[in-house]
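The file my_file_26.cif contains mmCIF, C-alpha atoms:
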data_upload
#
loop_
_atom_site.group_PDB
_atom_site.id
_atom_site.type_symbol
_atom_site.label_atom_id
_atom_site.label_comp_id
_atom_site.auth_asym_id
_atom_site.auth_seq_id
_atom_site.Cartn_x
_atom_site.Cartn_y
_atom_site.Cartn_z
ATOM 1 C CA MET Z 1 95.721 94.207 114.327
ATOM 2 C CA SER Z 2 95.058 96.489 111.335
ATOM 3 C CA TRP Z 3 97.665 97.832 108.995
ATOM 4 C CA LEU Z 4 97.275 101.170 110.787
ATOM 5 C CA THR Z 5 98.365 99.743 114.137
ATOM 6 C CA ARG Z 6 100.695 96.976 113.042
ATOM 7 C CA PRO Z 7 104.394 97.956 113.501
ATOM 8 C CA ARG Z 8 106.051 98.110 110.106
ATOM 9 C CA PRO Z 9 109.752 97.438 109.470
ATOM 10 C CA ALA Z 10 110.363 100.853 107.938
ATOM 11 C CA PHE Z 11 108.656 102.572 110.826
ATOM 12 C CA LEU Z 12 110.661 100.590 113.391
ATOM 13 C CA ALA Z 13 113.883 101.347 111.532
ATOM 14 C CA GLY Z 14 112.993 105.002 111.663
ATOM 15 C CA LEU Z 15 112.516 104.843 115.425
ATOM 16 C CA VAL Z 16 115.897 103.177 115.836
ATOM 17 C CA LEU Z 17 117.514 105.885 113.703
ATOM 18 C CA ILE Z 18 115.837 108.657 115.715
ATOM 19 C CA ALA Z 19 116.982 107.071 118.972
ATOM 20 C CA ALA Z 20 120.538 106.747 117.675
ATOM 21 C CA VAL Z 21 120.607 110.365 116.566
ATOM 22 C CA ALA Z 22 119.216 111.495 119.939
ATOM 23 C CA GLU Z 23 121.858 109.501 121.792
ATOM 24 C CA ALA Z 24 124.590 110.897 119.558
ATOM 25 C CA ARG Z 25 123.351 114.434 120.180
ATOM 26 C CA SER Z 26 123.253 113.736 123.906
ATOM 27 C CA VAL Z 27 126.897 112.614 123.916
ATOM 28 C CA TYR Z 28 127.884 115.482 121.641
ATOM 29 C CA ALA Z 29 126.167 117.936 123.997
ATOM 30 C CA LEU Z 30 128.447 117.016 126.893
ATOM 31 C CA GLU Z 31 130.773 119.871 127.739
ATOM 32 C CA PRO Z 32 134.389 118.737 128.116
ATOM 33 C CA VAL Z 33 136.033 120.020 131.307
ATOM 34 C CA SER Z 34 139.197 119.009 133.108
ATOM 35 C CA VAL Z 35 140.122 118.967 136.785
ATOM 36 C CA ARG Z 36 143.742 119.222 137.840
ATOM 37 C CA LEU Z 37 144.891 117.463 141.006
ATOM 38 C CA SER Z 38 147.737 118.778 143.165
ATOM 39 C CA TRP Z 39 149.537 115.450 143.011
ATOM 40 C CA PHE Z 40 148.979 111.938 141.788
ATOM 41 C CA ALA Z 41 145.576 110.362 142.398
ATOM 42 C CA THR Z 42 145.005 109.432 146.042
ATOM 43 C CA GLY Z 43 142.268 108.126 148.289
ATOM 44 C CA TYR Z 44 141.234 111.642 149.256
ATOM 45 C CA THR Z 45 140.827 112.667 145.597
ATOM 46 C CA SER Z 46 138.955 109.453 144.767
ATOM 47 C CA PRO Z 47 135.502 111.129 144.978
ATOM 48 C CA VAL Z 48 136.144 112.810 141.624
ATOM 49 C CA PHE Z 49 136.659 109.398 140.032
ATOM 50 C CA LEU Z 50 133.547 108.193 141.837
ATOM 51 C CA GLY Z 51 131.521 111.012 140.288
ATOM 52 C CA ILE Z 52 132.811 110.035 136.869
ATOM 53 C CA ASP Z 53 132.190 106.324 137.404
ATOM 54 C CA LYS Z 54 128.675 106.912 138.706
ATOM 55 C CA GLY Z 55 127.884 109.042 135.662
ATOM 56 C CA TRP Z 56 126.917 112.014 137.827
ATOM 57 C CA TYR Z 57 129.039 114.508 135.911
ATOM 58 C CA LYS Z 58 127.586 113.329 132.596
ATOM 59 C CA GLU Z 59 124.081 113.621 134.006
ATOM 60 C CA ALA Z 60 124.948 117.269 134.648
ATOM 61 C CA GLY Z 61 126.184 117.631 131.059
ATOM 62 C CA LEU Z 62 129.905 117.508 131.866
ATOM 63 C CA ASP Z 63 132.529 115.219 130.370
ATOM 64 C CA VAL Z 64 135.209 115.336 133.077
ATOM 65 C CA THR Z 65 138.811 114.272 132.671
ATOM 66 C CA VAL Z 66 141.290 114.173 135.558
ATOM 67 C CA GLN Z 67 144.852 115.444 135.223
ATOM 68 C CA GLU Z 68 147.599 114.734 137.760
ATOM 69 C CA SER Z 69 150.367 117.114 138.838
ATOM 70 C CA GLN Z 70 153.561 117.031 140.814
ATOM 71 C CA GLY Z 71 152.840 119.908 143.148
ATOM 72 C CA ALA Z 72 150.035 122.343 143.908
ATOM 73 C CA ASN Z 73 151.887 125.227 142.237
ATOM 74 C CA ILE Z 74 151.797 123.396 138.924
ATOM 75 C CA ALA Z 75 148.103 122.632 139.311
ATOM 76 C CA VAL Z 76 147.243 126.258 140.093
ATOM 77 C CA GLN Z 77 149.287 127.551 137.173
ATOM 78 C CA GLN Z 78 147.572 125.140 134.785
ATOM 79 C CA VAL Z 79 144.162 126.442 135.855
ATOM 80 C CA ALA Z 80 145.285 130.074 135.721
ATOM 81 C CA SER Z 81 146.629 129.618 132.182
ATOM 82 C CA GLY Z 82 143.449 127.954 130.953
ATOM 83 C CA ASN Z 83 145.031 124.534 130.446
ATOM 84 C CA ALA Z 84 142.673 123.041 133.048
ATOM 85 C CA THR Z 85 139.115 124.110 133.820
ATOM 86 C CA PHE Z 86 139.150 123.328 137.527
ATOM 87 C CA GLY Z 87 141.687 122.437 140.187
ATOM 88 C CA ILE Z 88 141.782 120.818 143.614
ATOM 89 C CA VAL Z 89 144.487 122.598 145.618
ATOM 90 C CA THR Z 90 145.174 123.829 149.137
ATOM 91 C CA ALA Z 91 144.063 127.352 149.951
ATOM 92 C CA ASP Z 92 147.615 128.543 150.651
ATOM 93 C CA ALA Z 93 148.684 127.454 147.152
ATOM 94 C CA ALA Z 94 145.773 129.366 145.627
ATOM 95 C CA ILE Z 95 146.498 132.492 147.688
ATOM 96 C CA ARG Z 96 150.153 132.513 146.621
ATOM 97 C CA VAL Z 97 149.284 132.792 142.925
ATOM 98 C CA ILE Z 98 146.328 135.122 143.458
ATOM 99 C CA ALA Z 99 148.819 137.457 145.125
ATOM 100 C CA GLN Z 100 150.698 137.409 141.812
ATOM 101 C CA ASP Z 101 147.505 138.514 139.998
ATOM 102 C CA ALA Z 102 146.761 135.043 138.639
ATOM 103 C CA PRO Z 103 143.128 135.038 137.411
ATOM 104 C CA ILE Z 104 141.757 132.284 139.657
ATOM 105 C CA LYS Z 105 139.303 132.071 142.529
ATOM 106 C CA ILE Z 106 138.295 129.502 145.140
ATOM 107 C CA ILE Z 107 134.746 128.262 144.476
ATOM 108 C CA GLY Z 108 134.340 125.731 147.273
ATOM 109 C CA THR Z 109 136.111 124.273 150.299
ATOM 110 C CA LEU Z 110 136.586 120.524 150.765
ATOM 111 C CA ALA Z 111 138.640 120.696 153.985
ATOM 112 C CA THR Z 112 138.367 123.534 156.505
ATOM 113 C CA THR Z 113 141.747 122.588 157.979
ATOM 114 C CA ASN Z 114 144.746 121.444 155.997
ATOM 115 C CA GLY Z 115 146.019 118.510 158.042
ATOM 116 C CA TYR Z 116 149.571 119.909 158.116
ATOM 117 C CA CYS Z 117 151.507 118.193 160.858
ATOM 118 C CA VAL Z 118 154.801 117.033 162.303
ATOM 119 C CA LEU Z 119 155.039 113.275 161.816
ATOM 120 C CA VAL Z 120 157.005 111.114 164.258
ATOM 121 C CA LYS Z 121 157.235 107.404 164.928
ATOM 122 C CA ALA Z 122 154.913 106.278 167.703
ATOM 123 C CA ASP Z 123 157.820 104.792 169.665
ATOM 124 C CA SER Z 124 160.129 107.779 169.161
ATOM 125 C CA GLY Z 125 159.483 109.266 172.586
ATOM 126 C CA ILE Z 126 158.359 112.495 170.928
ATOM 127 C CA ASN Z 127 154.972 113.122 172.486
ATOM 128 C CA SER Z 128 154.728 116.906 172.344
ATOM 129 C CA PRO Z 129 156.273 119.813 170.424
ATOM 130 C CA LYS Z 130 158.727 120.432 173.272
ATOM 131 C CA ASP Z 131 160.164 116.967 172.670
ATOM 132 C CA LEU Z 132 161.356 118.168 169.249
ATOM 133 C CA VAL Z 133 164.144 120.206 170.851
ATOM 134 C CA GLY Z 134 167.482 118.837 169.627
ATOM 135 C CA LYS Z 135 165.801 116.564 167.076
ATOM 136 C CA ARG Z 136 166.182 116.468 163.291
ATOM 137 C CA TYR Z 137 163.273 117.423 161.039
ATOM 138 C CA GLY Z 138 163.089 116.430 157.366
ATOM 139 C CA SER Z 139 161.213 118.330 154.688
ATOM 140 C CA THR Z 140 161.411 119.263 151.040
ATOM 141 C CA ALA Z 141 162.395 122.838 150.239
ATOM 142 C CA VAL Z 142 158.942 123.734 148.884
ATOM 143 C CA SER Z 143 156.823 121.904 151.454
ATOM 144 C CA ALA Z 144 154.202 124.205 153.003
ATOM 145 C CA PRO Z 145 154.117 122.207 156.269
ATOM 146 C CA GLY Z 146 157.902 122.422 156.387
ATOM 147 C CA ARG Z 147 157.948 126.170 155.811
ATOM 148 C CA LEU Z 148 155.332 126.612 158.537
ATOM 149 C CA LEU Z 149 157.339 124.678 161.132
ATOM 150 C CA SER Z 150 158.697 127.873 162.688
ATOM 151 C CA ALA Z 151 155.157 129.131 163.283
ATOM 152 C CA TYR Z 152 154.211 125.817 164.868
ATOM 153 C CA LEU Z 153 157.233 125.820 167.155
ATOM 154 C CA LYS Z 154 156.669 129.441 168.199
ATOM 155 C CA ALA Z 155 153.033 128.671 168.991
ATOM 156 C CA ASN Z 156 154.325 126.000 171.395
ATOM 157 C CA ASN Z 157 157.052 128.190 172.928
ATOM 158 C CA VAL Z 158 159.773 126.116 171.290
ATOM 159 C CA PRO Z 159 162.706 128.108 169.803
ATOM 160 C CA PRO Z 160 162.682 127.417 166.037
ATOM 161 C CA ASP Z 161 166.482 127.128 165.936
ATOM 162 C CA SER Z 162 166.379 124.331 168.525
ATOM 163 C CA VAL Z 163 165.237 121.893 165.842
ATOM 164 C CA GLN Z 164 167.689 120.886 163.130
ATOM 165 C CA ARG Z 165 166.227 121.214 159.625
ATOM 166 C CA ILE Z 166 167.227 118.726 156.944
ATOM 167 C CA SER Z 167 166.175 119.513 153.375
ATOM 168 C CA VAL Z 168 165.677 116.447 151.197
ATOM 169 C CA ASP Z 169 164.243 115.631 147.800
ATOM 170 C CA PHE Z 170 160.730 114.222 147.921
ATOM 171 C CA THR Z 171 161.896 110.880 146.542
ATOM 172 C CA ASN Z 172 164.157 110.487 149.599
ATOM 173 C CA LEU Z 173 161.807 111.900 152.242
ATOM 174 C CA TYR Z 174 160.119 108.657 153.291
ATOM 175 C CA ALA Z 175 163.321 106.651 153.165
ATOM 176 C CA GLY Z 176 165.106 109.218 155.312
ATOM 177 C CA PHE Z 177 162.369 109.088 157.942
ATOM 178 C CA ILE Z 178 162.192 105.288 157.983
ATOM 179 C CA GLY Z 179 165.969 104.943 158.059
ATOM 180 C CA GLY Z 180 166.426 107.358 160.954
ATOM 181 C CA GLN Z 181 168.094 110.213 159.057
ATOM 182 C CA PHE Z 182 165.647 112.454 160.908
ATOM 183 C CA GLU Z 183 163.225 111.790 163.759
ATOM 184 C CA ALA Z 184 160.393 114.002 162.473
ATOM 185 C CA MET Z 185 159.134 115.072 159.068
ATOM 186 C CA ALA Z 186 156.654 117.373 157.350
ATOM 187 C CA ALA Z 187 153.429 115.563 156.576
ATOM 188 C CA LEU Z 188 149.707 115.610 155.902
ATOM 189 C CA SER Z 189 147.568 113.807 158.464
ATOM 190 C CA TYR Z 190 145.357 112.258 155.784
ATOM 191 C CA ASP Z 191 148.173 111.181 153.476
ATOM 192 C CA GLU Z 192 151.390 110.076 155.179
ATOM 193 C CA VAL Z 193 149.793 108.485 158.231
ATOM 194 C CA PRO Z 194 147.885 105.866 156.177
ATOM 195 C CA ARG Z 195 150.925 105.332 153.939
ATOM 196 C CA PHE Z 196 153.302 104.512 156.786
ATOM 197 C CA GLU Z 197 150.793 102.456 158.712
ATOM 198 C CA ALA Z 198 150.159 100.412 155.540
ATOM 199 C CA ARG Z 199 153.876 99.518 155.769
ATOM 200 C CA GLY Z 200 153.452 98.495 159.404
ATOM 201 C CA ILE Z 201 155.127 101.620 160.784
ATOM 202 C CA LYS Z 202 153.150 103.192 163.613
ATOM 203 C CA VAL Z 203 153.307 106.971 163.535
ATOM 204 C CA ARG Z 204 151.901 109.984 165.368
ATOM 205 C CA CYS Z 205 150.843 113.232 163.716
ATOM 206 C CA MET Z 206 151.067 116.478 165.729
ATOM 207 C CA GLU Z 207 148.726 118.768 163.824
ATOM 208 C CA TYR Z 208 149.279 122.491 163.437
ATOM 209 C CA ALA Z 209 145.552 123.185 163.793
ATOM 210 C CA ASP Z 210 145.652 121.846 167.358
ATOM 211 C CA VAL Z 211 147.604 124.935 168.457
ATOM 212 C CA GLY Z 212 145.366 127.420 166.672
ATOM 213 C CA MET Z 213 147.112 127.500 163.297
ATOM 214 C CA LYS Z 214 143.849 127.359 161.381
ATOM 215 C CA MET Z 215 144.404 127.138 157.643
ATOM 216 C CA ILE Z 216 141.903 126.020 155.047
ATOM 217 C CA GLY Z 217 142.962 122.828 153.271
ATOM 218 C CA TYR Z 218 141.809 121.510 149.917
ATOM 219 C CA THR Z 219 139.610 123.766 147.829
ATOM 220 C CA LEU Z 220 138.044 123.843 144.376
ATOM 221 C CA ILE Z 221 139.350 126.560 142.047
ATOM 222 C CA THR Z 222 138.656 127.827 138.562
ATOM 223 C CA ASP Z 223 139.738 130.818 136.483
ATOM 224 C CA LEU Z 224 137.901 134.123 136.383
ATOM 225 C CA SER Z 225 137.069 133.737 132.691
ATOM 226 C CA THR Z 226 135.174 130.502 133.347
ATOM 227 C CA ILE Z 227 133.309 132.166 136.230
ATOM 228 C CA GLN Z 228 132.302 135.066 134.001
ATOM 229 C CA ASN Z 229 131.523 133.193 130.793
ATOM 230 C CA LYS Z 230 130.350 129.781 132.022
ATOM 231 C CA PRO Z 231 128.757 130.236 135.452
ATOM 232 C CA GLU Z 232 126.396 127.283 134.955
ATOM 233 C CA THR Z 233 129.336 125.018 134.167
ATOM 234 C CA VAL Z 234 130.951 126.080 137.425
ATOM 235 C CA ARG Z 235 127.702 125.549 139.321
ATOM 236 C CA LYS Z 236 127.258 122.043 137.903
ATOM 237 C CA PHE Z 237 130.848 121.016 138.605
ATOM 238 C CA VAL Z 238 130.732 122.231 142.205
ATOM 239 C CA ALA Z 239 127.376 120.540 142.873
ATOM 240 C CA VAL Z 240 128.435 117.156 141.528
ATOM 241 C CA THR Z 241 131.872 117.271 143.169
ATOM 242 C CA LEU Z 242 130.359 118.005 146.578
ATOM 243 C CA LYS Z 243 127.745 115.291 146.013
ATOM 244 C CA ALA Z 244 130.480 112.805 145.105
ATOM 245 C CA HIS Z 245 132.420 113.649 148.267
ATOM 246 C CA GLU Z 246 129.353 113.346 150.490
ATOM 247 C CA TYR Z 247 128.605 109.928 149.020
ATOM 248 C CA ALA Z 248 132.244 108.845 149.212
ATOM 249 C CA PHE Z 249 132.455 109.767 152.889
ATOM 250 C CA GLN Z 250 129.602 107.342 153.524
ATOM 251 C CA HIS Z 251 130.796 104.686 151.032
ATOM 252 C CA PRO Z 252 134.629 104.898 151.005
ATOM 253 C CA GLU Z 253 135.060 101.408 149.557
ATOM 254 C CA GLU Z 254 133.066 102.359 146.448
ATOM 255 C CA SER Z 255 135.112 105.511 146.023
ATOM 256 C CA ALA Z 256 138.358 103.567 146.369
ATOM 257 C CA GLU Z 257 137.233 101.060 143.745
ATOM 258 C CA ALA Z 258 136.317 103.858 141.334
ATOM 259 C CA ALA Z 259 139.752 105.394 141.782
ATOM 260 C CA LYS Z 260 141.417 102.029 141.229
ATOM 261 C CA LYS Z 261 139.414 101.588 138.041
ATOM 262 C CA LEU Z 262 140.040 105.046 136.594
ATOM 263 C CA GLY Z 263 142.969 106.570 138.469
ATOM 264 C CA GLY Z 264 145.943 104.426 137.542
ATOM 265 C CA ASP Z 265 148.724 102.770 139.513
ATOM 266 C CA ALA Z 266 148.860 105.340 142.323
ATOM 267 C CA VAL Z 267 145.513 104.194 143.717
ATOM 268 C CA LYS Z 268 145.678 100.428 143.252
ATOM 269 C CA ASP Z 269 145.767 99.857 147.006
ATOM 270 C CA THR Z 270 142.098 100.312 147.869
ATOM 271 C CA GLN Z 271 142.679 99.690 151.576
ATOM 272 C CA MET Z 272 145.047 102.654 151.741
ATOM 273 C CA SER Z 273 142.645 104.782 149.684
ATOM 274 C CA VAL Z 274 139.866 104.033 152.164
ATOM 275 C CA ALA Z 275 142.133 104.983 155.092
ATOM 276 C CA GLN Z 276 143.132 108.248 153.393
ATOM 277 C CA LEU Z 277 139.535 109.142 152.600
ATOM 278 C CA ASN Z 278 138.382 108.374 156.141
ATOM 279 C CA ALA Z 279 141.126 110.618 157.525
ATOM 280 C CA PHE Z 280 140.291 113.370 155.037
ATOM 281 C CA LYS Z 281 136.627 113.220 156.038
ATOM 282 C CA LYS Z 282 137.559 114.512 159.498
ATOM 283 C CA LEU Z 283 138.663 117.829 157.963
ATOM 284 C CA ARG Z 284 135.357 118.641 156.273
ATOM 285 C CA GLY Z 285 133.372 121.666 157.319
ATOM 286 C CA ASN Z 286 129.714 122.070 158.154
ATOM 287 C CA PRO Z 287 127.956 123.026 155.997
ATOM 288 C CA PHE Z 288 130.152 121.171 153.554
ATOM 289 C CA GLY Z 289 131.659 123.233 150.752
ATOM 290 C CA VAL Z 290 131.286 126.638 152.407
ATOM 291 C CA THR Z 291 134.286 128.945 152.713
ATOM 292 C CA THR Z 292 134.047 131.324 155.665
ATOM 293 C CA THR Z 293 135.631 134.763 155.873
ATOM 294 C CA ALA Z 294 137.077 134.023 159.315
ATOM 295 C CA ASP Z 295 138.812 130.817 158.152
ATOM 296 C CA MET Z 296 140.146 132.493 155.019
ATOM 297 C CA GLN Z 297 141.417 135.498 156.947
ATOM 298 C CA SER Z 298 143.283 133.189 159.334
ATOM 299 C CA THR Z 299 144.780 131.391 156.328
ATOM 300 C CA VAL Z 300 145.823 134.645 154.659
ATOM 301 C CA ASN Z 301 147.480 135.896 157.852
ATOM 302 C CA LEU Z 302 149.631 132.776 158.146
ATOM 303 C CA VAL Z 303 150.481 132.792 154.435
ATOM 304 C CA LYS Z 304 151.570 136.431 154.672
ATOM 305 C CA GLU Z 305 153.789 135.932 157.682
ATOM 306 C CA TYR Z 306 155.326 132.517 157.110
ATOM 307 C CA LEU Z 307 155.058 131.656 153.401
ATOM 308 C CA ASP Z 308 156.663 134.853 152.072
ATOM 309 C CA VAL Z 309 153.520 136.330 150.511
ATOM 310 C CA PRO Z 310 153.367 139.830 152.040
ATOM 311 C CA ASN Z 311 151.034 141.074 149.305
ATOM 312 C CA ALA Z 312 148.364 138.405 149.812
ATOM 313 C CA PRO Z 313 144.995 140.066 149.093
ATOM 314 C CA SER Z 314 143.100 141.543 152.016
ATOM 315 C CA ASP Z 315 139.907 141.598 149.945
ATOM 316 C CA MET Z 316 138.320 138.225 150.621
ATOM 317 C CA SER Z 317 136.017 138.543 147.588
ATOM 318 C CA ARG Z 318 139.117 138.412 145.378
ATOM 319 C CA ILE Z 319 140.084 135.067 146.891
ATOM 320 C CA PHE Z 320 136.833 133.109 147.183
ATOM 321 C CA THR Z 321 133.123 132.972 146.495
ATOM 322 C CA ASN Z 322 130.258 130.812 147.758
ATOM 323 C CA GLU Z 323 127.889 131.798 144.957
ATOM 324 C CA PHE Z 324 128.224 128.487 143.119
ATOM 325 C CA LEU Z 325 127.360 126.229 146.045
ATOM 326 C CA PRO Z 326 124.068 124.282 145.837
ATOM 327 C CA LYS Z 327 121.192 126.207 147.368
#
Before we go any further, please render this structure as structure tokens.
Amino acid sequence: MSWLTRPRPAFLAGLVLIAAVAEARSVYALEPVSVRLSWFATGYTSPVFLGIDKGWYKEAGLDVTVQESQGANIAVQQVASGNATFGIVTADAAIRVIAQDAPIKIIGTLATTNGYCVLVKADSGINSPKDLVGKRYGSTAVSAPGRLLSAYLKANNVPPDSVQRISVDFTNLYAGFIGGQFEAMAALSYDEVPRFEARGIKVRCMEYADVGMKMIGYTLITDLSTIQNKPETVRKFVAVTLKAHEYAFQHPEESAEAAKKLGGDAVKDTQMSVAQLNAFKKLRGNPFGVTTTADMQSTVNLVKEYLDVPNAPSDMSRIFTNEFLPK
């Protein structure tokens, strides 16, 4: 080997330095973005943690951090105010703030139905909506499923005033149901069912969608400024988030482990996370991610009539867009 071809220490050191600088620039080039959840981390939000753990967001040039909330309204407001780049919230929550001129828009749909339901114990003898007559129903004051109970009862020809409403704080909701304070409660099919069954309590979920109350569930949102000024950022986030969900639906155990690793105490029970994710998978649309005008119009109609939002926009382009979905 001649001196021309023999690796020299100085030359090798230079290569190491160049590599280090390139790596530093690569890390520096990552764009920091945040995604706000509607609640604490759960099995059905685990795909976001999976995308982070797999490095898929970083491969797209995004450094994603996850922020928890205690309610969809808080999550939406944080996105609208610019304190979070993206949010994962139900469509009805997004519509409520859009009606107040909040500068946000739905950029993808994760669940074409929302899983809102009336939850009862399997051995309660309540097998249909008509069996709710004379029974007690527990809900928090701000619960969307609870506020939509009247619509559900009317759709089943059950007088709304024939069911006794009991308003409770969220911290007492589960205990009240388990202890018999009320025979039915407001719930999400993909959340409460796995939680109670993990405790050995068999439950039944009577879903609103089964009687034609079609409302879009979880969606991806961002603010109008991000859409206008950083469209490629939006496109990358949507693509990776949908990819992470598609993978998680096929590999729920991996998604649950990623959430346990990165999501904190709320998702330590991987078995429950898997059950929640499997239940959430049933609500996905085809093609996945697409928001349809018909589904959104149905959602808007119910929000207007039953969630006290008479000025919900009639212009669907103000509420959602599909332009950032992968081609």
With a distance cut-off of 6 Å and only C-alpha atoms, select the neighbouring residues of region 270-279 of chain Z, excluding the residue or stretch itself and same-chain residues fewer than 2 positions from it, and output the selection as JSON, numbers by chain.
{"Z": [43, 44, 190, 191, 194, 252, 256, 268, 281, 282]}
Put those residues in a file: C-alpha atoms, as a short mmCIF file (atom, residue, chain, number, x, y, z; two decimals), in the frame of the given file.
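Output saved as result.cif:
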data_model
loop_
_atom_site.label_atom_id
_atom_site.label_comp_id
_atom_site.auth_asym_id
_atom_site.auth_seq_id
_atom_site.Cartn_x
_atom_site.Cartn_y
_atom_site.Cartn_z
CA GLY Z 43 142.27 108.13 148.29
CA TYR Z 44 141.23 111.64 149.26
CA TYR Z 190 145.36 112.26 155.78
CA ASP Z 191 148.17 111.18 153.48
CA PRO Z 194 147.88 105.87 156.18
CA PRO Z 252 134.63 104.90 151.00
CA ALA Z 256 138.36 103.57 146.37
CA LYS Z 268 145.68 100.43 143.25
CA LYS Z 281 136.63 113.22 156.04
CA LYS Z 282 137.56 114.51 159.50
#
Taking all atoms of region 33-39 of chain Z that the file lists, what box with edges along x, y and z, padded by 8 Å per side, do you get, with centre and edge lengths in Å to one decimal, as JSON?
{"center_x": 142.8, "center_y": 117.7, "center_z": 137.2, "size_x": 29.5, "size_y": 20.6, "size_z": 27.9}
Evaluate the PyMOL selection byres ((chain Z and resi 54-69) around 9) and report residues as an MDAnalysis selection string
chainID Z and resid 26:27 29:41 48:53 70:75 84 233 236:237 240:241 243:244 258 263
Under the rule that only C-alpha atoms are counted, which of Z:Ala248, Z:Ala144, Z:Ile104, Z:Leu173 is the nearest residue to Glu192 (chain Z)?
Z:Leu173
Looking at only C-alpha atoms, which of Z:Glu305, Z:Glu183, Z:Glu254, Z:Glu207 is the one that sits closest to Asp131 (chain Z)?
Z:Glu183
Apply the PyMOL selection byres ((chain Z and resi 176) around 12) to the structure shown and report the selected residues as a PyMOL selection string.
chain Z and resi 136-140+166-175+177-186
Serialized selection, C-alpha atoms, as a tab-separated table (two decimals), in the coordinates of the input:
chain	number	residue	atom	x	y	z
Z	136	ARG	CA	166.18	116.47	163.29
Z	137	TYR	CA	163.27	117.42	161.04
Z	138	GLY	CA	163.09	116.43	157.37
Z	139	SER	CA	161.21	118.33	154.69
Z	140	THR	CA	161.41	119.26	151.04
Z	166	ILE	CA	167.23	118.73	156.94
Z	167	SER	CA	166.18	119.51	153.38
Z	168	VAL	CA	165.68	116.45	151.20
Z	169	ASP	CA	164.24	115.63	147.80
Z	170	PHE	CA	160.73	114.22	147.92
Z	171	THR	CA	161.90	110.88	146.54
Z	172	ASN	CA	164.16	110.49	149.60
Z	173	LEU	CA	161.81	111.90	152.24
Z	174	TYR	CA	160.12	108.66	153.29
Z	175	ALA	CA	163.32	106.65	153.16
Z	177	PHE	CA	162.37	109.09	157.94
Z	178	ILE	CA	162.19	105.29	157.98
Z	179	GLY	CA	165.97	104.94	158.06
Z	180	GLY	CA	166.43	107.36	160.95
Z	181	GLN	CA	168.09	110.21	159.06
Z	182	PHE	CA	165.65	112.45	160.91
Z	183	GLU	CA	163.22	111.79	163.76
Z	184	ALA	CA	160.39	114.00	162.47
Z	185	MET	CA	159.13	115.07	159.07
Z	186	ALA	CA	156.65	117.37	157.35
For CA of Thr292 (chain Z) and CA of Ser143 (chain Z), determine how far apart the two atoms are, in Å to one decimal place.
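Going from CA of Thr292 (chain Z) over to CA of Ser143 (chain Z) covers 25.0 Å.
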Find the spatial neighbours of region 145-154 of chain Z, counting only C-alpha atoms, within a cut-off of 12 Å - ignore same-chain residues fewer than 4 positions away - and output them as number ranges by chain.
Z: 90, 92-93, 114-119, 128-133, 137-141, 158-168, 173, 184-189, 206-215, 217, 299, 301-308
CA of Ala259 (chain Z) to CA of Val238 (chain Z): how many Å, to one decimal?
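Pair CA of Ala259 (chain Z) / CA of Val238 (chain Z) returns 19.1 Å.
Minimum atom-to-atom distance to Phe249 (chain Z), evaluated using all atoms listed in the file, belongs to Z:Leu283 out of Z:Ile227, Z:Ala312, Z:Leu283, Z:Val89.
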Starting from the displayed file, determine the output of the PyMOL selection byres ((chain Z and resi 94) around 12) and express the residue list as a tab-separated table (two decimals) with C-alpha atoms, in the frame of the given file.
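Saved as expr02.tsv:
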chain	number	residue	atom	x	y	z
Z	38	SER	CA	147.74	118.78	143.16
Z	72	ALA	CA	150.04	122.34	143.91
Z	73	ASN	CA	151.89	125.23	142.24
Z	74	ILE	CA	151.80	123.40	138.92
Z	75	ALA	CA	148.10	122.63	139.31
Z	76	VAL	CA	147.24	126.26	140.09
Z	77	GLN	CA	149.29	127.55	137.17
Z	78	GLN	CA	147.57	125.14	134.78
Z	79	VAL	CA	144.16	126.44	135.85
Z	80	ALA	CA	145.28	130.07	135.72
Z	87	GLY	CA	141.69	122.44	140.19
Z	88	ILE	CA	141.78	120.82	143.61
Z	89	VAL	CA	144.49	122.60	145.62
Z	90	THR	CA	145.17	123.83	149.14
Z	91	ALA	CA	144.06	127.35	149.95
Z	92	ASP	CA	147.62	128.54	150.65
Z	93	ALA	CA	148.68	127.45	147.15
Z	95	ILE	CA	146.50	132.49	147.69
Z	96	ARG	CA	150.15	132.51	146.62
Z	97	VAL	CA	149.28	132.79	142.93
Z	98	ILE	CA	146.33	135.12	143.46
Z	99	ALA	CA	148.82	137.46	145.12
Z	100	GLN	CA	150.70	137.41	141.81
Z	101	ASP	CA	147.50	138.51	140.00
Z	102	ALA	CA	146.76	135.04	138.64
Z	103	PRO	CA	143.13	135.04	137.41
Z	104	ILE	CA	141.76	132.28	139.66
Z	105	LYS	CA	139.30	132.07	142.53
Z	106	ILE	CA	138.29	129.50	145.14
Z	107	ILE	CA	134.75	128.26	144.48
Z	109	THR	CA	136.11	124.27	150.30
Z	216	ILE	CA	141.90	126.02	155.05
Z	217	GLY	CA	142.96	122.83	153.27
Z	218	TYR	CA	141.81	121.51	149.92
Z	219	THR	CA	139.61	123.77	147.83
Z	220	LEU	CA	138.04	123.84	144.38
Z	221	ILE	CA	139.35	126.56	142.05
Z	222	THR	CA	138.66	127.83	138.56
Z	223	ASP	CA	139.74	130.82	136.48
Z	296	MET	CA	140.15	132.49	155.02
Z	299	THR	CA	144.78	131.39	156.33
Z	300	VAL	CA	145.82	134.65	154.66
Z	303	VAL	CA	150.48	132.79	154.44
Z	309	VAL	CA	153.52	136.33	150.51
Z	312	ALA	CA	148.36	138.40	149.81
Z	313	PRO	CA	145.00	140.07	149.09
Z	318	ARG	CA	139.12	138.41	145.38
Z	319	ILE	CA	140.08	135.07	146.89
Z	320	PHE	CA	136.83	133.11	147.18
Atom-to-atom span, CA of Pro231 (chain Z) and CA of Pro47 (chain Z), Å:
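A separation of 22.4 Å between them.
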